[in-house]
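Participant: Below are the structure tokens for one structure; questions will follow.
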Amino acid sequence: MTSSATKLPRRPSGRRGGVSAPNGWWALAFIAPATIGLLLLYVWPFLRTVIDSFQDVPAFGPATWVGTDNYTALLHDPDFWKAFGNSALYTAIVLLGVPVAIALAALIEQVGRGRALYRVLFFLPVVTLPVAIGMVWRFIYNGDFGLLNTVLSWFGVDGQFWVADPRFTIYAFGVVGIWMGLGINLIILGAGLQAIPKALYEASALDGAGRVRQFFRITVPLLSPSIFFVTVLTVIGALQMFDLNFIMLRGVNNTALADSKTIVYLFYEKAFVQFHQGYGAAIAVVLLLVIMIATALQFRLQRSWVFYD
Amino acid sequence: MTDSTARRGPRRATRWHLHLILGAAAAFMVVPFVWQLLTVFKSTAEVTRIPPTILPQGYSLHSFETFFATVPFWSMFAVSTGALVLRVGGQIIIAALAGYAFARIPFRGRGLLHGLFLAMLMVPSQLFLIGQYGLIRDLKLLDTLPALAIPGLFSAFGVFLMRQAFLSMPNDYEEAARLDGANPFQVFWHIMLPMAKPTVAALAVLTGLYSWNDLLWPLIVSPAGENRPLSVGLAGLQGQFGTDYPTLMAGAFVCSIPLITVFLVLQRQFFAGIAGSGIKG
């Protein structure tokens, strides 16, 4: 008791609870596990990926420095551009799920009894194995006896091979992507909605504003920080799509697989199936740049539409 | 009173429309699950008929039998569960310790080190995979249970989340405990960590969700053999039973049940975890 009392004045500059000098050792003990793990399993692998992207790394034997050859090859690789386009298209489609989520979140907020049930139902895909989701949707999209084509046939519409026909594959994935992401978006937006003061709605109702007007004049502006957050997360997540691609295209005809790879699928294939580690590393670095640019762009754009009070 | 009864009329009308729209959307969410369940009871012949039946003609459990006879479900389940427990338990302790130091114990280079954690938080996980794989391979841990959990033991996100939790706590308890002669670890373990319970729960839910659902990492370090988790094993089923849809759907159903059950029991924690930290994979 006396020892800690005498220690305290020794470091008056110590913030939050005035911790004394010997606590440097305590601090070291506290941060050592996390820091060692961070350095070994994150910082070093990150640096290694960046270095590898400038090397030719054979499956066996030493790596050789090749400068920017991997990147040059990447920029001339039609497969890469195809994958880039697929990921961009998939991201754009999944983004359409954000306005859907905003509308549904606002509607759920109006529900008294039954709100919990809706939240659970919309959340189910989030707690379902993505592999299982891919299998079920693949079956639904089946061109011969899938549920989608069966339902379409009731309305006299001709079905398609939604996954096997490369014209539709990414769109088919996009629908699943929206379906999978809705639950999480609804929870984040729902939390944002609850922070909006109810008095604003009452005041505007007295001024004669209808529900639609209230939605666009009160809900959307005040929810915009949450909408921005959801949008950023959606873009980052969609650009890293892999699972659906892996599951839904397995053993499907080769054109569909060749035409519908995403960036991360191409990375997986190059680095871990074909063992072109240097080339795979270059793809990963480009993915990092794409995500950084997409995120920076959104932070730039938010100034014009996100409302912080 | 009169006011509320006067309002009830128009409100009820909108309620009805509300449930119509939400019900349609909810149906869209649930249809894949229903279709999966209906298919489970059908025979392969019934499924591949054109046009296919909607309701099963009989309730055959053949698909489950085929699934359990060909897939080591319980071993995969044990691997998924083991990896999850290791990863969640380890990550929470490691992240809470570091988060506490970042929030409460000043030391030289704290800002710089914290910056390094934040920087790694922003890098997509694919950038780490090649190096992590190399390390696991060099440690001769490929196709083992620890391989599935090790990288996930360390999480910059977890450290960040725990730091935020400890930053928001008052100093009083800490001071009191220290005056009573408790050392920093005792203060952390007995006083501060229990107060961070909501954040610990949020982190546990999110980490558990990642761990259970993850496909890419297990595919790289444990693609076959007895240490496959559910995600990898189920993906293998797709290759093995390409067109035996009832068996595929039975597998997808059985493998999804554990986490869905946990979610139904711990709904509040799931929602709070997502809303509180708002991150997704």
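FYI, nothing fancy with the structure tokens labels: chains A, B, ... in order, residues from 1 per chain, ligands from 1 as they appear.
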Tell me, as a PyMOL selection string, which residues lie within 12 Å of Cys255 (chain B), counting only C-alpha atoms; anything in the same chain fewer than 3 positions away does not count.
Facilitator: (chain A and resi 127-133+135) or (chain B and resi 64+67-68+71-78+80-81+212-213+229-235+237+248-252+258-261)
Participant: Using DSSP on the backbone coordinates, identify the residues of region 1-195 of chain B assigned to helix (DSSP H, G or I); present them as a ChimeraX atom specification.
Facilitator: /B:2-40,44-47,62-70,73-104,110-121,126-138,145-153,156-167,172-179,184-195
Participant: Can you tell me, as a PyMOL selection string, what residues are no more than 12 Å from Trp44 (chain A) when counting only C-alpha atoms, ignoring any on the same chain fewer than 6 positions away?
Facilitator: (chain A and resi 35-38+50-52) or (chain B and resi 120+127-135)
Participant: List the neighbours of Met122 (chain B) out to 9 Å using only C-alpha atoms; skip same-chain residues closer than 3 positions along the sequence, and give me the result as a PyMOL selection string.
Facilitator: (chain A and resi 292) or (chain B and resi 118-119)
Participant: Can you write out the residues you just picked, keeping C-alpha atoms, as an mmCIF file, in the first residue's frame?
Facilitator:
data_model
loop_
_atom_site.group_PDB
_atom_site.id
_atom_site.type_symbol
_atom_site.label_atom_id
_atom_site.label_comp_id
_atom_site.auth_asym_id
_atom_site.auth_seq_id
_atom_site.Cartn_x
_atom_site.Cartn_y
_atom_site.Cartn_z
ATOM 1 C CA MET A 292 -7.565 1.254 -50.802
ATOM 2 C CA LEU B 118 -4.199 -0.212 -36.937
ATOM 3 C CA ALA B 119 -2.272 -0.435 -40.215
#
Participant: Check the smallest atom-to-atom distance from each of A:Tyr201, A:Phe54, A:Phe215, A:Phe46 to Ala105 (chain A) using only C-alpha atoms, then report the winner.
Facilitator: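 Of the candidates, the smallest distance to Ala105 (chain A) is held by A:Phe215.
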Participant: Which residues are near Thr91 (chain A)? Cut-off 8 Å, only C-alpha atoms, ignore same chain within fewer than 4 positions. Put them as a list in words.
Facilitator: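 Neighbouring residues, sequence-local ones excluded: Ser87, Leu95, Gly174, Thr234, Val235, Ala238 and Leu239 of chain A.
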Participant: Would you save the residues from that selection as a CSV table (one decimal), in the first residue's frame, using N, CA and C atoms?
Facilitator:
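Output (selection.csv):
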chain,number,residue,atom,x,y,z
A,87,SER,N,-15.2,-8.9,-60.4
A,87,SER,CA,-15.3,-8.4,-59.1
A,87,SER,C,-16.0,-7.0,-59.0
A,95,LEU,N,-24.0,-3.7,-54.2
A,95,LEU,CA,-24.3,-2.4,-53.6
A,95,LEU,C,-25.7,-2.0,-53.7
A,174,GLY,N,-24.5,-12.1,-57.7
A,174,GLY,CA,-24.8,-10.8,-57.1
A,174,GLY,C,-26.1,-10.9,-56.2
A,234,THR,N,-19.6,-3.1,-47.4
A,234,THR,CA,-20.1,-3.9,-48.5
A,234,THR,C,-19.1,-3.9,-49.6
A,235,VAL,N,-18.5,-2.8,-49.9
A,235,VAL,CA,-17.6,-2.7,-51.0
A,235,VAL,C,-16.3,-3.6,-50.7
A,238,ALA,N,-17.3,-7.3,-50.8
A,238,ALA,CA,-17.7,-7.8,-52.2
A,238,ALA,C,-16.4,-7.9,-53.0
A,239,LEU,N,-15.4,-7.0,-52.8
A,239,LEU,CA,-14.2,-7.1,-53.6
A,239,LEU,C,-13.4,-8.3,-53.2
Participant: At a cut-off of 6 Å, list the chain A residues touching chain B, using only C-alpha atoms, as a ChimeraX atom specification.
Facilitator: /A:1,17,24,27,30-31,34,37,41-42,45-46,127-129,132,145,187-188,284
Participant: Please provide the set of residues having any atom within 12 Å of Gln55 (chain A), restricted to only C-alpha atoms, with same-chain residues fewer than 5 positions apart removed, written as a ChimeraX atom specification.
Facilitator: /A:48-50,62-71,276-282
Participant: Could the residues in this selection be written to a file with C-alpha atoms, as an mmCIF file, in the first residue's frame?
Facilitator:
data_model
loop_
_atom_site.group_PDB
_atom_site.id
_atom_site.type_symbol
_atom_site.label_atom_id
_atom_site.label_comp_id
_atom_site.auth_asym_id
_atom_site.auth_seq_id
_atom_site.Cartn_x
_atom_site.Cartn_y
_atom_site.Cartn_z
ATOM 1 C CA ARG A 48 6.758 -11.169 -47.802
ATOM 2 C CA THR A 49 3.794 -10.863 -50.157
ATOM 3 C CA VAL A 50 5.009 -7.460 -51.301
ATOM 4 C CA PRO A 62 15.358 -20.234 -54.428
ATOM 5 C CA ALA A 63 13.399 -17.215 -55.613
ATOM 6 C CA THR A 64 14.826 -14.802 -58.160
ATOM 7 C CA TRP A 65 14.273 -11.060 -58.346
ATOM 8 C CA VAL A 66 12.359 -10.124 -61.480
ATOM 9 C CA GLY A 67 11.549 -6.473 -60.810
ATOM 10 C CA THR A 68 8.124 -5.471 -62.045
ATOM 11 C CA ASP A 69 7.770 -8.439 -64.412
ATOM 12 C CA ASN A 70 4.856 -9.936 -62.466
ATOM 13 C CA TYR A 71 2.960 -6.674 -62.628
ATOM 14 C CA HIS A 276 2.915 -19.228 -59.071
ATOM 15 C CA GLN A 277 3.553 -17.544 -55.764
ATOM 16 C CA GLY A 278 5.124 -14.382 -57.158
ATOM 17 C CA TYR A 279 2.292 -13.845 -59.604
ATOM 18 C CA GLY A 280 -0.291 -14.589 -56.901
ATOM 19 C CA ALA A 281 1.418 -12.094 -54.614
ATOM 20 C CA ALA A 282 1.200 -9.436 -57.318
#
Participant: Go ahead and compute the interatomic distance for CA of Phe41 (chain B) and CA of Thr247 (chain B), in Å to one decimal.
Facilitator: 9.4 Å
Participant: Using only C-alpha atoms, can you tell me which of A:Ala294, A:Ala258, A:Val220, A:Arg250 comes closest to Phe307 (chain A)?
Facilitator: A:Val220
